[in-house]
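Colleague: The file below is coords.pdb, PDB, C-alpha atoms, pLDDT in the B column:
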```pdb
ATOM      1  CA  MET A 149      72.584  74.778  55.828  1.00 49.00           C
ATOM      2  CA  LYS A 150      69.979  72.369  57.201  1.00 56.00           C
ATOM      3  CA  PRO A 151      70.549  69.745  54.463  1.00 54.00           C
ATOM      4  CA  THR A 152      74.285  69.706  55.342  1.00 49.00           C
ATOM      5  CA  ILE A 153      73.581  69.063  59.033  1.00 50.00           C
ATOM      6  CA  LYS A 154      71.045  66.383  58.151  1.00 52.00           C
ATOM      7  CA  LEU A 155      73.569  64.688  55.827  1.00 44.00           C
ATOM      8  CA  PHE A 156      76.246  64.885  58.539  1.00 43.00           C
ATOM      9  CA  LYS A 157      73.911  63.285  61.127  1.00 50.00           C
ATOM     10  CA  SER A 158      72.988  60.533  58.660  1.00 51.00           C
ATOM     11  CA  GLY A 159      76.678  59.868  58.050  1.00 47.00           C
ATOM     12  CA  LEU A 160      77.295  59.553  61.787  1.00 44.00           C
ATOM     13  CA  VAL A 161      74.425  57.082  62.151  1.00 45.00           C
ATOM     14  CA  VAL A 162      75.695  54.947  59.257  1.00 42.00           C
ATOM     15  CA  ALA A 163      79.255  55.054  60.633  1.00 44.00           C
ATOM     16  CA  GLY A 164      77.994  53.994  64.079  1.00 47.00           C
ATOM     17  CA  ILE A 165      76.018  51.079  62.646  1.00 45.00           C
ATOM     18  CA  LEU A 166      79.024  49.952  60.578  1.00 41.00           C
ATOM     19  CA  ALA A 167      81.368  50.183  63.598  1.00 43.00           C
ATOM     20  CA  ALA A 168      78.956  48.146  65.742  1.00 43.00           C
ATOM     21  CA  PHE A 169      78.615  45.538  62.993  1.00 40.00           C
ATOM     22  CA  LEU A 170      82.381  45.178  62.642  1.00 38.00           C
ATOM     23  CA  ALA A 171      82.888  45.000  66.418  1.00 40.00           C
ATOM     24  CA  PHE A 172      80.467  42.102  66.885  1.00 40.00           C
ATOM     25  CA  THR A 173      81.191  40.125  63.700  1.00 37.00           C
ATOM     26  CA  PRO A 174      83.677  37.283  64.289  1.00 38.00           C
ATOM     27  CA  SER A 175      86.689  37.351  62.019  1.00 36.00           C
ATOM     28  CA  SER A 176      86.680  34.611  59.420  1.00 33.00           C
ATOM     29  CA  VAL A 177      90.403  35.021  58.751  1.00 37.00           C
ATOM     30  CA  LYS A 178      91.925  34.603  62.194  1.00 44.00           C
ATOM     31  CA  ALA A 179      91.333  35.271  65.862  1.00 46.00           C
ATOM     32  CA  ASP A 180      93.616  37.699  67.698  1.00 66.00           C
ATOM     33  CA  ASP A 181      96.347  35.707  69.450  1.00 80.00           C
ATOM     34  CA  PRO A 182      94.390  32.435  69.498  1.00 91.00           C
ATOM     35  CA  LEU A 183      97.333  30.531  70.991  1.00 94.00           C
ATOM     36  CA  THR A 184      98.327  30.237  74.630  1.00 94.00           C
ATOM     37  CA  ILE A 185     102.019  29.538  75.190  1.00 95.00           C
ATOM     38  CA  THR A 186     103.460  28.425  78.534  1.00 95.00           C
ATOM     39  CA  ILE A 187     107.191  28.606  79.249  1.00 95.00           C
ATOM     40  CA  ASP A 188     108.659  28.038  82.714  1.00 94.00           C
ATOM     41  CA  GLU A 189     111.437  30.173  84.197  1.00 95.00           C
ATOM     42  CA  ILE A 190     114.860  29.279  82.765  1.00 95.00           C
ATOM     43  CA  THR A 191     117.907  29.095  85.097  1.00 96.00           C
ATOM     44  CA  VAL A 192     121.338  29.451  83.440  1.00 96.00           C
ATOM     45  CA  THR A 193     124.966  30.241  84.249  1.00 95.00           C
ATOM     46  CA  PRO A 194     127.270  32.610  82.329  1.00 94.00           C
ATOM     47  CA  GLY A 195     128.948  30.842  79.394  1.00 93.00           C
ATOM     48  CA  GLU A 196     126.434  27.956  79.334  1.00 94.00           C
ATOM     49  CA  THR A 197     125.759  26.655  75.819  1.00 93.00           C
ATOM     50  CA  GLY A 198     122.828  24.863  74.227  1.00 92.00           C
ATOM     51  CA  VAL A 199     120.189  25.950  76.768  1.00 93.00           C
ATOM     52  CA  VAL A 200     116.934  24.443  75.471  1.00 92.00           C
ATOM     53  CA  VAL A 201     113.749  26.436  76.011  1.00 93.00           C
ATOM     54  CA  ALA A 202     110.697  24.178  76.090  1.00 93.00           C
ATOM     55  CA  GLY A 203     107.052  25.105  76.276  1.00 94.00           C
ATOM     56  CA  ASP A 204     103.457  24.159  75.664  1.00 95.00           C
ATOM     57  CA  ILE A 205     101.352  25.680  72.871  1.00 95.00           C
ATOM     58  CA  SER A 206      97.571  25.360  72.851  1.00 96.00           C
ATOM     59  CA  ASN A 207      94.824  26.688  70.593  1.00 95.00           C
ATOM     60  CA  ASN A 208      92.351  28.271  72.973  1.00 90.00           C
ATOM     61  CA  THR A 209      89.736  29.287  70.427  1.00 90.00           C
ATOM     62  CA  SER A 210      86.223  27.927  70.855  1.00 89.00           C
ATOM     63  CA  GLY A 211      82.657  28.567  69.817  1.00 88.00           C
ATOM     64  CA  PRO A 212      81.837  30.453  66.604  1.00 89.00           C
ATOM     65  CA  SER A 213      85.264  32.143  66.541  1.00 85.00           C
ATOM     66  CA  ALA A 214      87.165  28.816  66.688  1.00 91.00           C
ATOM     67  CA  VAL A 215      89.869  28.562  64.042  1.00 91.00           C
ATOM     68  CA  THR A 216      92.632  26.141  63.105  1.00 93.00           C
ATOM     69  CA  VAL A 217      95.956  27.922  63.551  1.00 93.00           C
ATOM     70  CA  ASN A 218      98.940  27.145  61.341  1.00 92.00           C
ATOM     71  CA  LEU A 219     102.296  27.211  63.112  1.00 92.00           C
ATOM     72  CA  ASP A 220     104.310  28.524  60.173  1.00 90.00           C
ATOM     73  CA  SER A 221     107.217  30.144  61.973  1.00 90.00           C
ATOM     74  CA  ASP A 222     108.509  31.452  65.275  1.00 90.00           C
ATOM     75  CA  SER A 223     110.608  34.288  66.583  1.00 91.00           C
ATOM     76  CA  GLU A 224     112.371  34.660  69.871  1.00 92.00           C
ATOM     77  CA  ASN A 225     114.065  37.437  71.751  1.00 93.00           C
ATOM     78  CA  VAL A 226     116.511  36.798  74.581  1.00 93.00           C
ATOM     79  CA  PRO A 227     118.043  39.929  76.162  1.00 93.00           C
ATOM     80  CA  LEU A 228     121.421  40.844  74.668  1.00 90.00           C
ATOM     81  CA  ALA A 229     122.840  41.011  78.198  1.00 90.00           C
ATOM     82  CA  VAL A 230     122.143  37.267  78.471  1.00 93.00           C
ATOM     83  CA  SER A 231     122.276  35.729  74.993  1.00 90.00           C
ATOM     84  CA  GLY A 232     125.332  34.918  72.943  1.00 84.00           C
ATOM     85  CA  SER A 233     123.391  33.312  70.066  1.00 85.00           C
ATOM     86  CA  ILE A 234     119.981  31.764  69.375  1.00 87.00           C
ATOM     87  CA  ASP A 235     119.132  28.672  67.302  1.00 82.00           C
ATOM     88  CA  ASP A 236     115.623  27.510  66.460  1.00 74.00           C
ATOM     89  CA  THR A 237     116.298  25.466  63.344  1.00 71.00           C
ATOM     90  CA  ASP A 238     116.714  22.170  65.190  1.00 68.00           C
ATOM     91  CA  TYR A 239     113.717  22.489  67.456  1.00 78.00           C
ATOM     92  CA  PHE A 240     110.557  24.380  66.562  1.00 79.00           C
ATOM     93  CA  PHE A 241     110.204  23.130  63.001  1.00 77.00           C
ATOM     94  CA  THR A 242     110.803  19.500  63.946  1.00 82.00           C
ATOM     95  CA  ASP A 243     108.961  19.400  67.301  1.00 85.00           C
ATOM     96  CA  ALA A 244     105.944  21.668  66.758  1.00 87.00           C
ATOM     97  CA  PRO A 245     102.920  20.351  64.867  1.00 90.00           C
ATOM     98  CA  LEU A 246     102.070  22.000  61.527  1.00 92.00           C
ATOM     99  CA  SER A 247      98.783  23.325  62.899  1.00 94.00           C
ATOM    100  CA  LEU A 248      96.567  23.210  65.976  1.00 94.00           C
ATOM    101  CA  ASP A 249      92.807  22.673  65.750  1.00 95.00           C
ATOM    102  CA  PRO A 250      90.540  24.456  68.256  1.00 95.00           C
ATOM    103  CA  GLY A 251      91.178  23.056  71.733  1.00 93.00           C
ATOM    104  CA  GLN A 252      94.267  21.111  70.584  1.00 95.00           C
ATOM    105  CA  ASP A 253      97.492  21.215  72.593  1.00 94.00           C
ATOM    106  CA  SER A 254     101.048  20.597  71.350  1.00 93.00           C
ATOM    107  CA  GLY A 255     102.229  19.072  74.599  1.00 92.00           C
ATOM    108  CA  PHE A 256     105.560  20.109  76.097  1.00 93.00           C
ATOM    109  CA  ILE A 257     107.966  20.573  73.161  1.00 93.00           C
ATOM    110  CA  ASP A 258     111.415  22.088  72.575  1.00 92.00           C
ATOM    111  CA  LEU A 259     111.020  25.552  71.037  1.00 92.00           C
ATOM    112  CA  PHE A 260     114.561  26.880  70.577  1.00 92.00           C
ATOM    113  CA  SER A 261     117.985  26.938  72.188  1.00 92.00           C
ATOM    114  CA  PHE A 262     120.431  29.684  73.023  1.00 93.00           C
ATOM    115  CA  ASP A 263     123.952  30.169  74.308  1.00 94.00           C
ATOM    116  CA  VAL A 264     124.494  32.334  77.362  1.00 94.00           C
ATOM    117  CA  SER A 265     127.076  35.077  77.016  1.00 93.00           C
ATOM    118  CA  PRO A 266     130.154  34.454  79.204  1.00 93.00           C
ATOM    119  CA  THR A 267     129.802  38.062  80.404  1.00 92.00           C
ATOM    120  CA  ALA A 268     126.120  37.729  81.392  1.00 93.00           C
ATOM    121  CA  ALA A 269     125.557  39.484  84.695  1.00 92.00           C
ATOM    122  CA  PRO A 270     123.878  37.332  87.356  1.00 93.00           C
ATOM    123  CA  GLY A 271     120.321  38.405  88.047  1.00 94.00           C
ATOM    124  CA  LEU A 272     116.673  37.798  87.354  1.00 95.00           C
ATOM    125  CA  TYR A 273     115.571  39.012  83.917  1.00 95.00           C
ATOM    126  CA  VAL A 274     111.834  39.109  84.655  1.00 94.00           C
ATOM    127  CA  ASP A 275     109.687  38.739  81.522  1.00 93.00           C
ATOM    128  CA  ASP A 276     112.568  40.140  79.416  1.00 93.00           C
ATOM    129  CA  ALA A 277     112.592  37.215  76.980  1.00 94.00           C
ATOM    130  CA  THR A 278     109.776  36.597  74.483  1.00 95.00           C
ATOM    131  CA  PHE A 279     108.656  33.824  72.161  1.00 94.00           C
ATOM    132  CA  ASP A 280     106.188  34.390  69.298  1.00 94.00           C
ATOM    133  CA  VAL A 281     104.408  31.956  66.990  1.00 93.00           C
ATOM    134  CA  LEU A 282     103.759  33.326  63.503  1.00 92.00           C
ATOM    135  CA  GLN A 283     101.193  32.446  60.840  1.00 93.00           C
ATOM    136  CA  LEU A 284     101.617  33.335  57.157  1.00 93.00           C
ATOM    137  CA  ASP A 285      99.512  36.296  56.017  1.00 91.00           C
ATOM    138  CA  SER A 286     100.204  37.738  52.574  1.00 87.00           C
ATOM    139  CA  SER A 287      98.215  40.893  53.395  1.00 90.00           C
ATOM    140  CA  SER A 288     100.419  41.677  56.412  1.00 86.00           C
ATOM    141  CA  PRO A 289     103.327  44.113  55.879  1.00 87.00           C
ATOM    142  CA  THR A 290     105.738  41.508  57.278  1.00 87.00           C
ATOM    143  CA  GLY A 291     104.054  38.529  55.586  1.00 90.00           C
ATOM    144  CA  TYR A 292     103.248  37.039  59.021  1.00 92.00           C
ATOM    145  CA  ASP A 293     100.779  37.613  61.849  1.00 92.00           C
ATOM    146  CA  ILE A 294     101.661  36.927  65.483  1.00 93.00           C
ATOM    147  CA  VAL A 295      99.125  34.325  66.651  1.00 94.00           C
ATOM    148  CA  GLY A 296     100.646  33.669  70.064  1.00 94.00           C
ATOM    149  CA  THR A 297     103.211  35.345  72.287  1.00 94.00           C
ATOM    150  CA  GLU A 298     104.716  34.600  75.688  1.00 95.00           C
ATOM    151  CA  SER A 299     107.143  36.505  77.890  1.00 95.00           C
ATOM    152  CA  PHE A 300     109.296  34.464  80.223  1.00 95.00           C
ATOM    153  CA  THR A 301     111.958  34.978  82.873  1.00 96.00           C
ATOM    154  CA  ILE A 302     115.619  34.021  82.742  1.00 96.00           C
ATOM    155  CA  ASP A 303     117.531  33.620  86.009  1.00 96.00           C
ATOM    156  CA  VAL A 304     121.289  33.971  85.516  1.00 95.00           C
ATOM    157  CA  VAL A 305     123.060  32.513  88.534  1.00 96.00           C
ATOM    158  CA  SER A 306     126.730  32.842  89.416  1.00 89.00           C
ATOM    159  CA  SER A 307     128.878  30.043  88.062  1.00 71.00           C
ATOM    160  CA  THR A 308     130.788  29.977  91.372  1.00 67.00           C
ATOM    161  CA  ALA A 309     129.476  27.070  93.374  1.00 60.00           C
ATOM    162  CA  VAL A 310     128.110  28.040  96.776  1.00 62.00           C
ATOM    163  CA  PRO A 311     127.865  25.103  99.176  1.00 65.00           C
ATOM    164  CA  GLU A 312     124.525  24.361 100.770  1.00 70.00           C
ATOM    165  CA  PRO A 313     124.199  24.882 104.560  1.00 74.00           C
ATOM    166  CA  ALA A 314     123.883  21.123 105.126  1.00 77.00           C
ATOM    167  CA  SER A 315     127.161  20.538 103.276  1.00 74.00           C
ATOM    168  CA  LEU A 316     128.879  23.217 105.328  1.00 74.00           C
ATOM    169  CA  SER A 317     127.640  21.730 108.601  1.00 80.00           C
ATOM    170  CA  MET A 318     128.898  18.280 107.535  1.00 82.00           C
ATOM    171  CA  LEU A 319     132.290  19.776 106.687  1.00 82.00           C
ATOM    172  CA  VAL A 320     132.535  21.567 110.045  1.00 81.00           C
ATOM    173  CA  SER A 321     131.430  18.380 111.892  1.00 83.00           C
ATOM    174  CA  GLY A 322     134.083  16.356 110.048  1.00 81.00           C
ATOM    175  CA  LEU A 323     136.825  18.876 110.824  1.00 82.00           C
ATOM    176  CA  LEU A 324     135.799  18.990 114.499  1.00 85.00           C
ATOM    177  CA  GLY A 325     135.840  15.187 114.585  1.00 79.00           C
ATOM    178  CA  LEU A 326     139.349  15.077 113.064  1.00 81.00           C
ATOM    179  CA  GLY A 327     140.489  17.740 115.524  1.00 81.00           C
ATOM    180  CA  GLY A 328     139.039  15.730 118.397  1.00 78.00           C
ATOM    181  CA  LEU A 329     140.851  12.573 117.223  1.00 81.00           C
ATOM    182  CA  ALA A 330     144.155  14.446 116.921  1.00 81.00           C
ATOM    183  CA  PHE A 331     143.694  15.903 120.413  1.00 79.00           C
ATOM    184  CA  ALA A 332     142.918  12.457 121.866  1.00 83.00           C
ATOM    185  CA  ARG A 333     146.043  10.920 120.243  1.00 83.00           C
ATOM    186  CA  ARG A 334     148.276  13.656 121.601  1.00 82.00           C
ATOM    187  CA  LYS A 335     146.808  13.214 125.035  1.00 80.00           C
ATOM    188  CA  GLN A 336     147.462   9.422 124.873  1.00 84.00           C
ATOM    189  CA  GLU A 337     151.076   9.957 123.754  1.00 81.00           C
ATOM    190  CA  ALA A 338     151.764  12.398 126.594  1.00 72.00           C
TER     191      ALA A 338
END
```
Go through the file and emit its structure as structure tokens.
Modeller:
Amino acid sequence: MKPTIKLFKSGLVVAGILAAFLAFTPSSVKADDPLTITIDEITVTPGETGVVVAGDISNNTSGPSAVTVNLDSDSENVPLAVSGSIDDTDYFFTDAPLSLDPGQDSGFIDLFSFDVSPTAAPGLYVDDATFDVLQLDSSSPTGYDIVGTESFTIDVVSSTAVPEPASLSMLVSGLLGLGGLAFARRKQEA
């Protein structure tokens, strides 16, 4: 019985050493989500078409784990309550660079566009939309690894125009002025 316990303890020690080695060894294949993506809040109205989503992609890897990241593909998800259709063929593949070296930035580029459903309910869809950058990886079950992801907010505003307070005050002032002129004319005629 003692040799079995000794063998078990030795196995635990070896497993611990291997786990520590793997935890502190930088990956030579890729870094986890090495890209930082920035997308501002998007404001749309129901039925709006061709809404372009733009953003900035940067490779934030540095030091010994710095890697060049290939921008092979993208995927986007806009909530069904908002989106009528999505199109990325005209934007990401023509605007994004093929790869980003460590510390390199794409600059502000068009990522994709979408049409807003005419039945989209007004409201703030906070971090409900996502954009992912994918890199080819033949060992991945999907053939791609996500190397950058960003959630962003879509603000659907009513398509009914609401006048600004300054416009309303100008309208009221104008109507009062016209009323005053009409009153003065009547008084002169009498």
Colleague: Expressed in Å to a single decimal, how great is the separation between atom CA of Asp253 of chain A and atom CA of Gly203 of chain A?
Modeller: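 Computing the Euclidean distance for atom CA of Asp253 of chain A and atom CA of Gly203 of chain A yields 11.0 Å.
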Colleague: Residues at most 12 Å from Val217 of chain A, counting only C-alpha atoms, excluding those fewer than 3 positions away in the same chain, as a PyMOL selection string?
Modeller: chain A and resi 177-184+205-209+213-214+220-221+245-254+281-285+293-296
Colleague: So that each row is one residue of segment 275-322 of chain A with an atom at most 8 Å from segment 189-194 of chain A, can you give its shortest atom pair and the distance in Å to one decimal, using all atoms listed in the file, rows by chain and rising number, as a tab-separated table?
Modeller:
```
residue	atom	partner	partner_atom	distance
A:Phe300	CA	A:Glu189	CA	6.2
A:Thr301	CA	A:Glu189	CA	5.0
A:Ile302	CA	A:Ile190	CA	4.8
A:Asp303	CA	A:Thr191	CA	4.6
A:Val304	CA	A:Val192	CA	5.0
A:Val305	CA	A:Thr193	CA	5.2
A:Ser306	CA	A:Thr193	CA	6.0
A:Ser307	CA	A:Thr193	CA	5.5
```
Colleague: Between A:Ser231, A:Ser315, A:Asn225, A:Thr216, which residue has the minimum interatomic distance to Asp275 of chain A, considering only C-alpha atoms?
Modeller: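 Among the listed residues, the smallest separation from Asp275 of chain A belongs to A:Asn225.
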Colleague: Please compute the atom CA of Pro266 of chain A-atom CA of Gly198 of chain A distance, one decimal, in Å.
Modeller: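 A separation of 13.1 Å between them.
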Colleague: Can you tell me how far atom CA of Phe256 of chain A sits from atom CA of Gly211 of chain A, in Å to one decimal?
Modeller: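 We find that atom CA of Phe256 of chain A and atom CA of Gly211 of chain A lie 25.2 Å from each other.
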Colleague: Might you pull out every residue within 12 Å of Asp235 of chain A, with only C-alpha atoms counted and same-chain residues fewer than 3 positions away left off, and present them as a list in words?
Modeller: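 So the residues in contact are Thr197, Gly198, Val199, Val200, Val201, Asp222, Ser223, Glu224, Asn225, Val226, Ser231, Gly232, Asp238, Tyr239, Phe240, Phe241, Asp258, Leu259, Phe260, Ser261, Phe262, Asp263 and Val264 of chain A.
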Colleague: Using all atoms of segment 245-264 of chain A that appear in the file, construct an axis-aligned enclosing box with 8 Å of padding on every side and provide its centre coordinates and edge lengths in Å, rounded to one decimal, as JSON.
Modeller:
```
{"center_x": 107.5, "center_y": 25.7, "center_z": 69.4, "size_x": 50.0, "size_y": 29.3, "size_z": 31.8}
```
Colleague: Of the residues A:Gly195, A:Glu337, A:Asp236, A:Phe331, which is the one nearest to Ala269 of chain A, using only C-alpha atoms?
Modeller: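 When distances to Ala269 of chain A are compared using only C-alpha atoms, the smallest one comes from A:Gly195.
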Colleague: Find, counting only C-alpha atoms, the residue in A:Glu312, A:Asp276, A:Ala338, A:Gly322 that gets nearest to Ala229 of chain A.
Modeller: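 Going through A:Glu312, A:Asp276, A:Ala338, A:Gly322 one by one, the smallest distance to Ala229 of chain A is for A:Asp276.
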